[in-house]
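Read the structure below first, then the notes.
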Amino acid sequence: MKKVKIMLVFILLITFLIINSCGEQGPLGSKSNPIKMYFVPSVEAGKILQDAEQIADMLFEKTGYHFKVAVPVSYAAVIEAMGTDEADIAWLPTFAYLLAHKKYGADVGLTTIRNGLKKYRGQFVTLADSGIESLEDIEGKVIAYTDAASTSGYIFPSATLAKKDIEPAKYFFAGGHPQAIISVYKGNADVGCTFWSPKKDGKIQDARYTIEDTYPDVKEKVKIVGFTDWIPNDTVTFRKEFPKGMKEEIVNALIKIAETERGKKTFQEIYHIDGFYKSTDSTYDVVRETLDALGEKAEKFLQE
């Protein structure tokens, strides 16, 4: 009987140790504690997730680190994840980066390159037969912006109109660049505000291309009537306390991956990216200066 009791105690002890060890978290980047990488829903979330998984796989091959990817429902959700350590890395648009940096000390590691350009701008689009021919014609019209934290889809377009004293009748947030284009295409808004990029090989690269498969006539039906000032491209951003050595490894890995055929294809598909360059927070001072000139605080735009 005594031996049986001892054996039971021994089994319970082993069971406790096994359960306890299973609950322990390994080092960051291990299989049990992967690096959490978030992507904003600027195009269809399911498609982004597929490409994000490809990026995670390529990073694992280059660094040996495990990654877990996610596409939250809004830009704001990604920003907040940077402040709660729910996200270690976030692929953030310009203004979303400014908010994450201001609120949580998030730090840019890379800026994207598109069509050989390190900057881009926002565009104003409308139906080809709308009668709207210039920014001044937007007075009293309905605008579809993308997201309150989108630089090209809200911040810079609204700043452009404010500087010209142009007052729309009302506006709403469509939820993303494709959705803003669709709002105009279907007549739910007079004007849409989205990102612009120059044509490549004769093909449109601005936000209209994101719905071209579903609406092949979008480039004929929806036209551009104006632009914002130039904006530094979007970012690959790291949370404040992310280990510097690991950050450098990942930054270098992404630059190298962008030079491979598989990497080129994936980055083009996810966010139309050609490559990256190492950047610092000061790269984005021009956007802060735009906000200062408007007399607006960053948080105001996120609250709307």
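In the structure tokens, the first chain shown is A, the next is B, and so on; residue numbers restart at 1 for each chain, and ligands run from 1 in the order shown.
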
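Residues of segment 118-154 of chain A assigned to strand (DSSP E or B) by DSSP on this structure's backbone: Lys119, Tyr120, Arg121, Gly122, Gln123, Phe124, Val125, Thr126, Leu127, Val142, Ile143, Ala144 and Tyr145 of chain A.
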
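Counting only C-alpha atoms, Met58 of chain A has the following residues at most 10 Å away, ignoring those fewer than 3 positions along the same chain: Ala52, Glu53, Gln54, Ile55, Glu61, Lys62, Thr63, Gly64, Ala253, Leu254, Ile257, Arg262 and Gly263 of chain A.
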
Would you kindly return, as a short mmCIF file (atom, residue, chain, number, x, y, z; two decimals) with N, CA and C atoms, in the first residue's frame, each protein, DNA or RNA residue with an atom no farther than 12 Å from any atom of Asp165 of chain A, considering only C-alpha atoms and excluding same-chain residues fewer than 3 positions away?
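Written output follows (result00.cif):
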data_model
loop_
_atom_site.label_atom_id
_atom_site.label_comp_id
_atom_site.auth_asym_id
_atom_site.auth_seq_id
_atom_site.Cartn_x
_atom_site.Cartn_y
_atom_site.Cartn_z
N LEU A 135 -10.98 70.30 -57.89
CA LEU A 135 -11.20 70.20 -56.44
C LEU A 135 -12.28 71.18 -55.99
N GLU A 136 -12.33 72.36 -56.62
CA GLU A 136 -13.33 73.36 -56.24
C GLU A 136 -14.76 72.84 -56.43
N ASP A 137 -14.94 71.92 -57.37
CA ASP A 137 -16.27 71.36 -57.63
C ASP A 137 -16.73 70.39 -56.54
N ILE A 138 -15.82 70.07 -55.60
CA ILE A 138 -16.19 69.16 -54.51
C ILE A 138 -17.04 69.87 -53.45
N GLU A 139 -17.05 71.18 -53.49
CA GLU A 139 -17.88 71.96 -52.57
C GLU A 139 -19.32 71.43 -52.57
N GLY A 140 -19.81 71.08 -51.36
CA GLY A 140 -21.18 70.63 -51.23
C GLY A 140 -21.45 69.20 -51.66
N SER A 158 -8.23 65.71 -46.60
CA SER A 158 -9.00 66.67 -45.81
C SER A 158 -8.20 67.94 -45.58
N ALA A 159 -6.87 67.81 -45.43
CA ALA A 159 -6.02 68.98 -45.27
C ALA A 159 -6.01 69.81 -46.55
N THR A 160 -5.95 69.14 -47.70
CA THR A 160 -5.96 69.83 -48.99
C THR A 160 -7.23 70.66 -49.16
N LEU A 161 -8.37 70.06 -48.83
CA LEU A 161 -9.64 70.79 -48.95
C LEU A 161 -9.73 71.94 -47.96
N ALA A 162 -9.24 71.70 -46.74
CA ALA A 162 -9.28 72.75 -45.70
C ALA A 162 -8.47 73.97 -46.12
N PRO A 168 -17.23 69.99 -48.05
CA PRO A 168 -18.18 68.99 -48.58
C PRO A 168 -19.48 69.03 -47.79
N LEU A 294 -2.22 72.78 -40.02
CA LEU A 294 -3.68 72.77 -39.92
C LEU A 294 -4.17 73.11 -38.52
#

Give one line per residue of segment 206-262 of chain A that approaches segment 114-125 of chain A to at most 10 Å, naming the two atoms of the closest pair and their distance in Å to one decimal, counting only C-alpha atoms; sort by chain then ascending residue number and deliver it as JSON lines.
{"residue": "A:Asp206", "atom": "CA", "partner": "A:Gln123", "partner_atom": "CA", "distance": 8.4}
{"residue": "A:Ala207", "atom": "CA", "partner": "A:Gln123", "partner_atom": "CA", "distance": 8.9}
{"residue": "A:Arg208", "atom": "CA", "partner": "A:Val125", "partner_atom": "CA", "distance": 9.3}
{"residue": "A:Val222", "atom": "CA", "partner": "A:Val125", "partner_atom": "CA", "distance": 6.4}
{"residue": "A:Lys223", "atom": "CA", "partner": "A:Val125", "partner_atom": "CA", "distance": 5.4}
{"residue": "A:Ile224", "atom": "CA", "partner": "A:Val125", "partner_atom": "CA", "distance": 4.4}
{"residue": "A:Val225", "atom": "CA", "partner": "A:Phe124", "partner_atom": "CA", "distance": 5.7}
{"residue": "A:Gly226", "atom": "CA", "partner": "A:Phe124", "partner_atom": "CA", "distance": 5.1}
{"residue": "A:Phe227", "atom": "CA", "partner": "A:Gln123", "partner_atom": "CA", "distance": 4.4}
{"residue": "A:Thr228", "atom": "CA", "partner": "A:Gly122", "partner_atom": "CA", "distance": 5.1}
{"residue": "A:Asp229", "atom": "CA", "partner": "A:Arg121", "partner_atom": "CA", "distance": 6.0}
{"residue": "A:Trp230", "atom": "CA", "partner": "A:Arg121", "partner_atom": "CA", "distance": 4.7}
{"residue": "A:Ile231", "atom": "CA", "partner": "A:Tyr120", "partner_atom": "CA", "distance": 5.2}
{"residue": "A:Pro232", "atom": "CA", "partner": "A:Lys119", "partner_atom": "CA", "distance": 4.3}
{"residue": "A:Asn233", "atom": "CA", "partner": "A:Lys119", "partner_atom": "CA", "distance": 4.7}
{"residue": "A:Asp234", "atom": "CA", "partner": "A:Lys119", "partner_atom": "CA", "distance": 8.5}

ask   = If you count only C-alpha atoms, which residues fall within 7 Å of segment 94-103 of chain A, apart from same-chain ones fewer than 3 positions away, as a ChimeraX atom specification?
value = /A:75,79,82,106-107,149-151,232-235,298

Export, as a short mmCIF file (atom, residue, chain, number, x, y, z; two decimals), in the first residue's frame, the selected residues with C-alpha atoms.
data_model
loop_
_atom_site.label_atom_id
_atom_site.label_comp_id
_atom_site.auth_asym_id
_atom_site.auth_seq_id
_atom_site.Cartn_x
_atom_site.Cartn_y
_atom_site.Cartn_z
CA TYR A 75 -6.04 50.61 -38.80
CA ILE A 79 -2.18 50.76 -33.71
CA MET A 82 1.36 48.00 -30.77
CA ALA A 106 6.65 52.39 -31.87
CA ASP A 107 9.66 52.84 -34.16
CA ALA A 149 -5.96 56.91 -39.68
CA SER A 150 -5.21 56.81 -43.42
CA THR A 151 -2.79 59.47 -44.63
CA PRO A 232 6.53 59.46 -47.36
CA ASN A 233 5.63 55.84 -48.12
CA ASP A 234 4.26 53.41 -45.53
CA THR A 235 6.31 51.50 -43.00
CA ALA A 298 -3.10 63.52 -34.48
#
